[in-house]
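J.: The following file, data-v1.csv, comprises CSV, C-alpha atoms:
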chain,number,residue,atom,x,y,z
D,1,THR,CA,93.4,93.0,120.5
D,2,VAL,CA,95.6,94.4,123.4
D,3,ASP,CA,95.2,91.0,125.0
D,4,GLY,CA,97.0,89.4,122.1
D,5,ASN,CA,93.8,87.8,120.6
D,6,ILE,CA,93.6,87.6,116.8
D,7,TYR,CA,90.4,87.4,114.8
D,8,GLN,CA,90.8,87.0,111.1
D,9,VAL,CA,88.9,86.2,107.9
D,10,GLY,CA,89.9,85.8,104.3
D,11,ASP,CA,93.3,85.4,102.7
D,12,VAL,CA,95.3,86.7,105.7
D,13,LYS,CA,98.6,85.1,104.7
D,14,LYS,CA,98.8,87.0,101.4
D,15,ALA,CA,101.9,89.2,101.4
D,16,PHE,CA,101.9,92.7,99.9
D,17,PRO,CA,104.3,95.7,99.9
D,18,MET,CA,103.8,98.0,102.9
D,19,GLU,CA,104.3,101.2,100.9
D,20,SER,CA,103.1,104.2,103.0
D,21,LEU,CA,102.1,102.0,106.0
D,22,SER,CA,105.9,101.8,106.7
D,23,LYS,CA,105.9,105.5,107.4
D,24,VAL,CA,104.1,105.2,110.7
D,25,PHE,CA,106.7,102.8,112.2
D,26,THR,CA,109.8,104.7,111.1
D,27,LEU,CA,108.1,107.8,112.5
D,28,ALA,CA,107.8,105.8,115.8
D,29,LEU,CA,111.5,105.0,115.7
D,30,ALA,CA,112.3,108.7,115.1
D,31,MET,CA,110.0,109.6,118.0
D,32,GLU,CA,111.7,107.0,120.2
D,33,GLN,CA,115.2,108.4,119.4
D,34,ARG,CA,114.4,112.1,119.3
D,35,GLY,CA,111.3,112.7,121.3
D,36,PRO,CA,108.0,114.5,120.3
D,37,GLN,CA,109.3,118.1,120.4
D,38,GLU,CA,112.1,117.5,117.9
D,39,VAL,CA,109.7,115.5,115.7
D,40,LEU,CA,107.2,118.3,115.8
D,41,ASP,CA,109.9,121.0,115.0
D,42,LYS,CA,111.6,119.0,112.2
D,43,LEU,CA,108.8,117.0,110.7
D,44,GLY,CA,105.6,118.9,111.5
D,45,ALA,CA,102.0,117.9,112.3
D,46,SER,CA,99.7,119.7,109.8
D,47,ALA,CA,97.6,118.3,107.0
D,48,THR,CA,98.8,119.5,103.6
D,49,GLY,CA,95.3,119.3,102.0
D,50,LEU,CA,97.2,118.2,98.8
D,51,PRO,CA,98.2,114.8,97.3
D,52,PHE,CA,100.8,112.8,99.3
D,53,ASN,CA,103.5,113.4,96.7
D,54,SER,CA,102.9,117.1,96.2
D,55,GLY,CA,105.9,119.3,95.5
D,56,LEU,CA,103.6,122.3,95.7
D,57,ALA,CA,102.9,121.6,99.4
D,58,VAL,CA,106.7,121.8,100.1
D,59,GLU,CA,107.0,125.0,98.1
D,60,LEU,CA,104.0,126.7,99.7
D,61,THR,CA,105.4,126.2,103.2
D,62,LYS,CA,109.0,127.1,102.1
D,63,GLY,CA,110.1,123.6,102.9
D,64,ALA,CA,108.5,123.2,106.3
D,65,PRO,CA,107.6,119.5,106.3
D,66,GLU,CA,103.9,119.5,107.0
D,67,ASN,CA,103.9,116.0,108.5
D,68,PRO,CA,105.9,112.8,108.5
D,69,LEU,CA,103.3,110.7,106.6
D,70,VAL,CA,103.4,112.5,103.2
D,71,ASN,CA,106.3,111.4,101.0
D,72,ALA,CA,108.4,114.5,101.6
D,73,GLY,CA,108.0,114.3,105.4
D,74,ALA,CA,108.5,110.5,105.4
D,75,MET,CA,111.8,110.8,103.5
D,76,SER,CA,112.9,113.5,105.9
D,77,THR,CA,112.0,111.1,108.8
D,78,VAL,CA,114.3,108.5,107.3
D,79,SER,CA,117.1,111.1,107.2
D,80,LEU,CA,116.5,111.9,110.9
D,81,ILE,CA,117.1,108.4,112.1
D,82,GLU,CA,120.3,108.2,114.2
D,83,ALA,CA,122.7,105.8,112.6
D,84,LYS,CA,126.4,105.4,111.9
D,85,ASP,CA,126.1,105.0,108.2
D,86,LYS,CA,123.7,103.9,105.4
D,87,THR,CA,123.8,100.2,106.3
D,88,ASP,CA,123.2,100.9,110.0
D,89,ARG,CA,120.3,103.2,109.1
D,90,TRP,CA,118.6,100.5,107.0
D,91,ASN,CA,119.2,97.8,109.6
D,92,LYS,CA,117.7,100.0,112.4
D,93,ILE,CA,114.6,100.6,110.2
D,94,LEU,CA,114.1,97.0,109.2
D,95,ASN,CA,114.8,95.7,112.7
D,96,ASN,CA,112.2,98.1,114.0
D,97,LEU,CA,109.6,96.9,111.5
D,98,ASN,CA,110.5,93.3,112.5
D,99,ALA,CA,110.0,94.0,116.2
D,100,TRP,CA,106.6,95.6,115.6
D,101,ALA,CA,105.4,92.8,113.3
D,102,ASP,CA,106.8,90.1,115.6
D,103,ALA,CA,108.2,88.6,112.4
D,104,SER,CA,111.2,88.6,110.0
D,105,LEU,CA,110.1,90.7,107.1
D,106,THR,CA,111.8,90.8,103.8
D,107,VAL,CA,112.0,93.3,100.9
D,108,ASN,CA,110.1,92.6,97.7
D,109,GLU,CA,113.0,93.0,95.4
D,110,PRO,CA,111.1,93.3,92.1
D,111,VAL,CA,108.9,96.1,93.7
D,112,PHE,CA,112.0,97.8,95.1
D,113,LYS,CA,113.8,97.7,91.7
D,114,SER,CA,110.7,99.0,89.9
D,115,GLU,CA,110.2,101.8,92.4
D,116,MET,CA,113.9,102.8,92.3
D,117,GLU,CA,113.7,103.1,88.5
D,118,THR,CA,110.6,105.4,88.7
D,119,ASN,CA,111.2,107.5,91.9
D,120,GLN,CA,112.5,110.7,90.2
D,121,HIS,CA,109.6,112.6,91.7
D,122,ASN,CA,110.6,111.6,95.2
D,123,GLN,CA,114.2,112.4,94.5
D,124,ALA,CA,113.0,115.9,93.4
D,125,LEU,CA,111.0,116.3,96.6
D,126,ALA,CA,114.0,115.4,98.7
D,127,MET,CA,116.2,117.9,96.9
D,128,LEU,CA,113.5,120.5,97.3
D,129,MET,CA,113.3,119.8,101.0
D,130,ALA,CA,117.2,120.0,101.2
D,131,SER,CA,117.1,123.4,99.5
D,132,TYR,CA,115.0,124.7,102.4
D,133,ASN,CA,117.2,122.9,105.1
D,134,SER,CA,114.3,120.6,106.0
D,135,PHE,CA,116.3,117.4,105.2
D,136,TYR,CA,118.7,116.0,107.7
D,137,GLY,CA,121.1,113.8,105.7
D,138,ASP,CA,122.1,112.7,102.2
D,139,THR,CA,119.1,113.0,99.9
D,140,ARG,CA,120.0,110.1,97.6
D,141,GLU,CA,120.7,107.7,100.5
D,142,ALA,CA,117.4,108.6,102.3
D,143,VAL,CA,115.3,108.3,99.1
D,144,GLU,CA,116.8,104.8,98.5
D,145,ILE,CA,116.2,103.6,102.1
D,146,TYR,CA,112.7,105.1,102.0
D,147,THR,CA,112.0,103.2,98.8
D,148,ARG,CA,113.3,100.0,100.3
D,149,GLN,CA,111.2,100.4,103.5
D,150,CYS,CA,108.1,100.9,101.3
D,151,SER,CA,109.0,97.7,99.4
D,152,VAL,CA,109.0,95.5,102.6
D,153,ASP,CA,106.4,92.7,102.2
D,154,ILE,CA,103.9,92.1,105.0
D,155,THR,CA,100.7,90.1,105.6
D,156,VAL,CA,97.5,91.6,107.0
D,157,GLU,CA,97.9,89.6,110.2
D,158,GLN,CA,101.4,91.1,110.7
D,159,LEU,CA,100.1,94.5,110.0
D,160,ALA,CA,97.3,94.1,112.6
D,161,LYS,CA,100.0,93.0,115.2
D,162,MET,CA,101.9,96.2,114.4
D,163,GLY,CA,98.8,98.3,115.0
D,164,ALA,CA,98.1,96.4,118.2
D,165,VAL,CA,101.4,97.9,119.6
D,166,LEU,CA,100.0,101.4,119.3
D,167,ALA,CA,96.6,100.2,120.7
D,168,ASN,CA,98.6,98.8,123.7
D,169,LYS,CA,100.5,101.9,124.8
D,170,GLY,CA,103.5,101.1,122.7
D,171,LYS,CA,104.1,97.5,124.0
D,172,SER,CA,103.7,94.5,121.7
D,173,PRO,CA,101.0,92.1,123.0
D,174,PHE,CA,102.9,89.4,121.1
D,175,ASN,CA,106.6,89.6,122.1
D,176,GLY,CA,106.2,91.8,125.2
D,177,LYS,CA,108.7,94.4,124.0
D,178,GLN,CA,108.1,98.1,124.8
D,179,LEU,CA,108.7,99.4,121.3
D,180,LEU,CA,107.6,103.0,121.8
D,181,ASN,CA,107.6,105.0,125.0
D,182,GLU,CA,104.0,105.1,126.2
D,183,ARG,CA,104.2,108.9,126.5
D,184,TYR,CA,104.8,109.2,122.7
D,185,VAL,CA,102.0,107.0,121.5
D,186,PRO,CA,99.4,109.8,121.4
D,187,GLN,CA,101.7,111.9,119.1
D,188,VAL,CA,102.1,109.0,116.6
D,189,LEU,CA,98.3,108.4,116.6
D,190,ALA,CA,97.7,112.2,116.2
D,191,GLU,CA,100.0,112.2,113.1
D,192,MET,CA,97.9,109.3,111.7
D,193,ALA,CA,94.7,111.2,112.4
D,194,ILE,CA,96.0,114.3,110.6
D,195,ALA,CA,97.4,112.6,107.5
D,196,GLY,CA,97.0,108.8,107.6
D,197,LEU,CA,94.7,108.7,104.6
D,198,TYR,CA,96.4,111.3,102.5
D,199,ASP,CA,93.9,114.0,101.4
D,200,GLY,CA,91.1,111.8,102.5
D,201,SER,CA,92.2,112.0,106.2
D,202,GLY,CA,89.8,114.7,107.3
D,203,LYS,CA,86.7,113.0,105.8
D,204,TRP,CA,87.8,109.7,107.5
D,205,LEU,CA,88.2,111.3,110.9
D,206,TYR,CA,84.9,113.1,110.5
D,207,THR,CA,83.0,109.9,109.5
D,208,VAL,CA,84.8,107.1,111.4
D,209,GLY,CA,86.7,108.9,114.1
D,210,ILE,CA,89.7,106.6,114.7
D,211,PRO,CA,93.4,107.1,113.6
D,212,ALA,CA,94.3,105.0,110.5
D,213,LYS,CA,97.0,104.7,107.9
D,214,SER,CA,96.7,103.4,104.3
D,215,GLY,CA,99.2,102.4,101.7
D,216,VAL,CA,98.9,102.3,97.9
D,217,GLY,CA,99.7,98.5,98.1
D,218,GLY,CA,96.1,98.1,99.3
D,219,GLY,CA,96.7,97.7,103.0
D,220,MET,CA,95.2,99.8,105.8
D,221,VAL,CA,95.5,99.7,109.6
D,222,ALA,CA,93.4,101.5,112.2
D,223,ILE,CA,93.9,101.9,115.9
D,224,VAL,CA,91.4,102.0,118.7
D,225,PRO,CA,93.5,103.0,121.7
D,226,GLY,CA,93.4,100.6,124.7
D,227,GLN,CA,91.3,98.1,122.7
D,228,TYR,CA,92.4,96.8,119.3
D,229,ALA,CA,93.9,97.4,115.9
D,230,ILE,CA,92.3,96.3,112.7
D,231,ALA,CA,94.1,95.7,109.4
D,232,VAL,CA,92.6,95.0,106.0
D,233,TYR,CA,94.1,94.3,102.6
D,234,SER,CA,92.2,94.9,99.4
D,235,PRO,CA,94.0,96.5,96.4
D,236,PRO,CA,91.4,98.6,94.6
D,237,LEU,CA,92.0,102.2,95.6
D,238,ASP,CA,89.9,105.4,95.5
D,239,ALA,CA,91.2,108.7,93.9
D,240,ALA,CA,93.1,109.6,97.1
D,241,GLY,CA,95.1,106.3,97.1
D,242,ASN,CA,93.1,104.5,99.8
D,243,SER,CA,91.7,101.0,99.7
D,244,VAL,CA,88.0,101.2,99.0
D,245,ARG,CA,87.0,98.0,100.8
D,246,ALA,CA,89.4,98.5,103.7
D,247,GLN,CA,87.7,101.8,104.5
D,248,GLN,CA,84.3,100.2,104.4
D,249,THR,CA,85.3,97.2,106.5
D,250,ILE,CA,87.0,99.2,109.1
D,251,ALA,CA,84.2,101.8,109.2
D,252,TYR,CA,81.7,98.9,109.7
D,253,VAL,CA,83.7,97.3,112.6
D,254,ALA,CA,84.3,100.7,114.2
D,255,GLU,CA,80.6,101.5,114.1
D,256,ALA,CA,79.7,98.1,115.5
D,257,THR,CA,82.2,98.4,118.4
D,258,GLN,CA,81.4,102.1,119.1
D,259,ALA,CA,85.0,102.9,118.5
D,260,ASN,CA,84.7,106.6,117.4
D,261,LEU,CA,87.1,108.5,119.7
D,262,PHE,CA,84.8,111.5,119.8
D,263,LEU,CA,81.9,109.5,121.4
D,264,ALA,CA,81.5,109.8,125.1
D,265,HIS,CA,82.6,106.4,126.5
Using structure tokens, write down the structure that the file contains.
T.:
Amino acid sequence: TVDGNIYQVGDVKKAFPMESLSKVFTLALAMEQRGPQEVLDKLGASATGLPFNSGLAVELTKGAPENPLVNAGAMSTVSLIEAKDKTDRWNKILNNLNAWADASLTVNEPVFKSEMETNQHNQALAMLMASYNSFYGDTREAVEIYTRQCSVDITVEQLAKMGAVLANKGKSPFNGKQLLNERYVPQVLAEMAIAGLYDGSGKWLYTVGIPAKSGVGGGMVAIVPGQYAIAVYSPPLDAAGNSVRAQQTIAYVAEATQANLFLAH
């Protein structure tokens, strides 16, 4: 909760790779560095209506990144992070994740190695973006750093703490740090509402009504502004790449707490 209370059940200490969950927090870092207007201009805020790794989506918009939470836009986000060099860029991204999680997170090296060996599709997306001038740095470097950030291991408790920062106006209830300018929190939550559950995002917003983000590692986090964040880990995924049980659990809690943002409160 925004008061720093933690309620948990199940195997909350089990670590799993963040995968796409990491996109939200690197977006927040880009937002902090560049402000919402530049993020909107360079990364976009529209649903693609297509799978999260769609090259067709990039082609149809002539490279305009539709949003920072699909793969193409997320790699573009990494390239937008202000840094002196590759090492500095990675350190800024990892240190940012650590601050949000209130923990020292580590990369799952076997996952990183495996994903680096099979990320040709993402490399192609980055090159396609670059061909339309929608990439803001070296494509190879950004794809590697993006792959590394997706391979960071996290527990569901740490993920809930990260979500609580967004619920608490950008300030961590756990270490007291203002990690994102309060004025920029609505924009990050809007991006989550638009594209947090890939091409299942519209249906999620329609039925549950709170911003959320999933990752193909089986994790999911949802935010109720001013109140709480909830994180769930359960690996079986639906066709869109979202955890089946996480969606059901969060929907249940959101319903019980009348969390839908479109309800009159």
J.: Give the answer as one residue: which of D:Ile145, D:Met129, D:Val221, D:Val244 has the shortest atom-to-atom distance to D:Asp88, using only C-alpha atoms?
T.: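 Using only C-alpha atoms, the shortest distance to D:Asp88 belongs to D:Ile145.
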J.: Given the choices D:Asn53, D:Thr106, D:Asn71, D:Asn181, which gets closest to D:Thr155 if the distance is worked out from only C-alpha atoms?
T.: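 For D:Thr155, the nearest of the candidates is D:Thr106.
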J.: Please compute the atom CA of D:Pro186-atom CA of D:Ala167 distance, one decimal, in Å.
T.: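 Pair atom CA of D:Pro186 / atom CA of D:Ala167 returns 10.0 Å.
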J.: Select, from D:Gly202, D:Pro173, D:Pro211, D:Pro17, the residue with the minimum atom-to-atom distance to D:Pro235, counting all atoms listed in the file.
T.: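 The closest residue to D:Pro235 is D:Pro17.
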J.: To one decimal in Å, tell me the separation between atom CA of D:Glu19 and atom CA of D:Trp90.
T.: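 Computing it gives 15.6 Å between the two atoms.
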J.: Just to confirm, what's the straight-line distance from atom CA of D:Ala212 to atom CA of D:Ala246 in Å (one decimal)?
T.: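 Separation between atom CA of D:Ala212 and atom CA of D:Ala246: 10.6 Å.
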J.: Between D:Leu60, D:Val152, D:Val70, D:Ala83, which is the closest to D:Asn98 once you count all atoms listed in the file?
T.: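 Checking each of D:Leu60, D:Val152, D:Val70, D:Ala83 against D:Asn98, counting all atoms listed in the file, the winner is D:Val152.
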J.: Taking only C-alpha atoms into account, name the residue in D:Val111, D:Val232, D:Ala47, D:Ala130 that is nearest to D:Gln158.
T.: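 Among D:Val111, D:Val232, D:Ala47, D:Ala130, it is D:Val232 that comes nearest to D:Gln158.
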J.: Measuring between only C-alpha atoms, which one of D:Ala231, D:Thr87, D:Ala101, D:Ser214 shows the shortest distance to D:Lys177?
T.: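 The closest residue to D:Lys177 is D:Ala101.
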J.: Neighbours of D:Val78 within 9 Å (all atoms listed in the file; same-chain residues fewer than 2 positions away dropped), as a VMD selection string?
T.: chain D and resid 23 26 to 27 30 73 to 76 80 to 81 89 93 136 to 137 142 to 143 145 to 146
J.: Keeping only C-alpha atoms, write the selected residues as a PDB file, keeping the file's coordinate frame.
T.:
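Resulting contents of out19.pdb:
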ATOM      1  CA  LYS D  23     105.900 105.500 107.400  1.00  0.00           C
ATOM      2  CA  THR D  26     109.800 104.700 111.100  1.00  0.00           C
ATOM      3  CA  LEU D  27     108.100 107.800 112.500  1.00  0.00           C
ATOM      4  CA  ALA D  30     112.300 108.700 115.100  1.00  0.00           C
ATOM      5  CA  GLY D  73     108.000 114.300 105.400  1.00  0.00           C
ATOM      6  CA  ALA D  74     108.500 110.500 105.400  1.00  0.00           C
ATOM      7  CA  MET D  75     111.800 110.800 103.500  1.00  0.00           C
ATOM      8  CA  SER D  76     112.900 113.500 105.900  1.00  0.00           C
ATOM      9  CA  LEU D  80     116.500 111.900 110.900  1.00  0.00           C
ATOM     10  CA  ILE D  81     117.100 108.400 112.100  1.00  0.00           C
ATOM     11  CA  ARG D  89     120.300 103.200 109.100  1.00  0.00           C
ATOM     12  CA  ILE D  93     114.600 100.600 110.200  1.00  0.00           C
ATOM     13  CA  TYR D 136     118.700 116.000 107.700  1.00  0.00           C
ATOM     14  CA  GLY D 137     121.100 113.800 105.700  1.00  0.00           C
ATOM     15  CA  ALA D 142     117.400 108.600 102.300  1.00  0.00           C
ATOM     16  CA  VAL D 143     115.300 108.300  99.100  1.00  0.00           C
ATOM     17  CA  ILE D 145     116.200 103.600 102.100  1.00  0.00           C
ATOM     18  CA  TYR D 146     112.700 105.100 102.000  1.00  0.00           C
TER      19      TYR D 146
END
J.: Quick one: everything within 9 Å of stretch 256-265 of chain D, counting only C-alpha atoms, minus sequence neighbours fewer than 5 positions away in the same chain. Send it as a list in words.
T.: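 The residues satisfying every condition are Leu205, Thr207, Val208, Gly209, Ile210, Pro211, Val224, Pro225, Gln227 and Ala251 of chain D.
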J.: Kindly extract all protein, DNA and RNA residues lying within 12 Å of the coordinates (102.7, 94.3, 124.6) given in the file, considering all atoms listed in the file, and supply them as number ranges by chain.
T.: D: 1-5, 99-102, 161-182, 226, 228
